[in-house]
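A short worksheet on the structure shown next.
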Amino acid sequence: MLVRVRRIGNSQGVILSKNMMEQCDIKDLVNVEVKGNSIVIEPAMQSPRAGWEQQFELANKGSEEDLMEGFSNEFDDAEWTW
């Protein structure tokens, strides 16, 4: 289907028909990416931050002892007094 690119504020965009949106099960949120010479629009499967709260809770359950074990720099090695 040939669609005209339109000016939308300082950007440009295309208008997608209701039928296209329904066929692709697109509601409010989409993923947009460039692949080669194409712009691919796909329905978003989830909120971009879905699951973050659970991941933070899991991270907080671990021990914070010596998180930088094995990592050092010149300041730590030469100038810092423990």
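Just remember, in the structure tokens the first chain shown is A, the second B, etc., residues are 1-based per chain, and ligands are 1-based in the order shown.
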
Please extract the residues of chain A with a backbone DSSP assignment of strand (DSSP E or B) and present them as a ChimeraX atom specification. /A:6-8,11-13,30-35,38-43

If DSSP is run on the backbone, what residues of chain A are alpha helix (DSSP H)? A reply as a PyMOL selection string would be ideal. chain A and resi 18-23+52-61+74-78

What lies within 7 Å of region 43-60 of chain A using only C-alpha atoms, ignoring chain neighbours under 5 positions off, as a ChimeraX atom specification? /A:24-26,29-31

Please produce an output containing C-alpha atoms for each residue in the selection, written as a CSV table (one decimal), in the first residue's frame.
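Okay, this is what ended up in again-v5.csv:
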chain,number,residue,atom,x,y,z
A,24,CYS,CA,-1.4,-6.4,13.4
A,25,ASP,CA,-3.1,-6.2,16.8
A,26,ILE,CA,-1.6,-2.8,17.4
A,29,LEU,CA,2.3,1.1,22.0
A,30,VAL,CA,4.6,-0.1,19.2
A,31,ASN,CA,8.3,-1.0,18.7

Can you tell me which residues surround Ser17 (chain A) at a distance of at most 12 Å, considering only C-alpha atoms, apart from same-chain residues fewer than 4 positions away, and format the answer as an MDAnalysis selection string? chainID A and resid 1:3 21:24 26

CA of Gly36 (chain A) to CA of Val14 (chain A), distance in Å rounded to a single decimal: 19.2 Å

All residues 10 Å or closer to Val5 (chain A), only C-alpha atoms, same chain fewer than 4 positions away omitted, as a PyMOL selection string: chain A and resi 12-15

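With CA of Ser38 (chain A) on one side and CA of Ser11 (chain A) on the other, the separation reads 17.6 Å.
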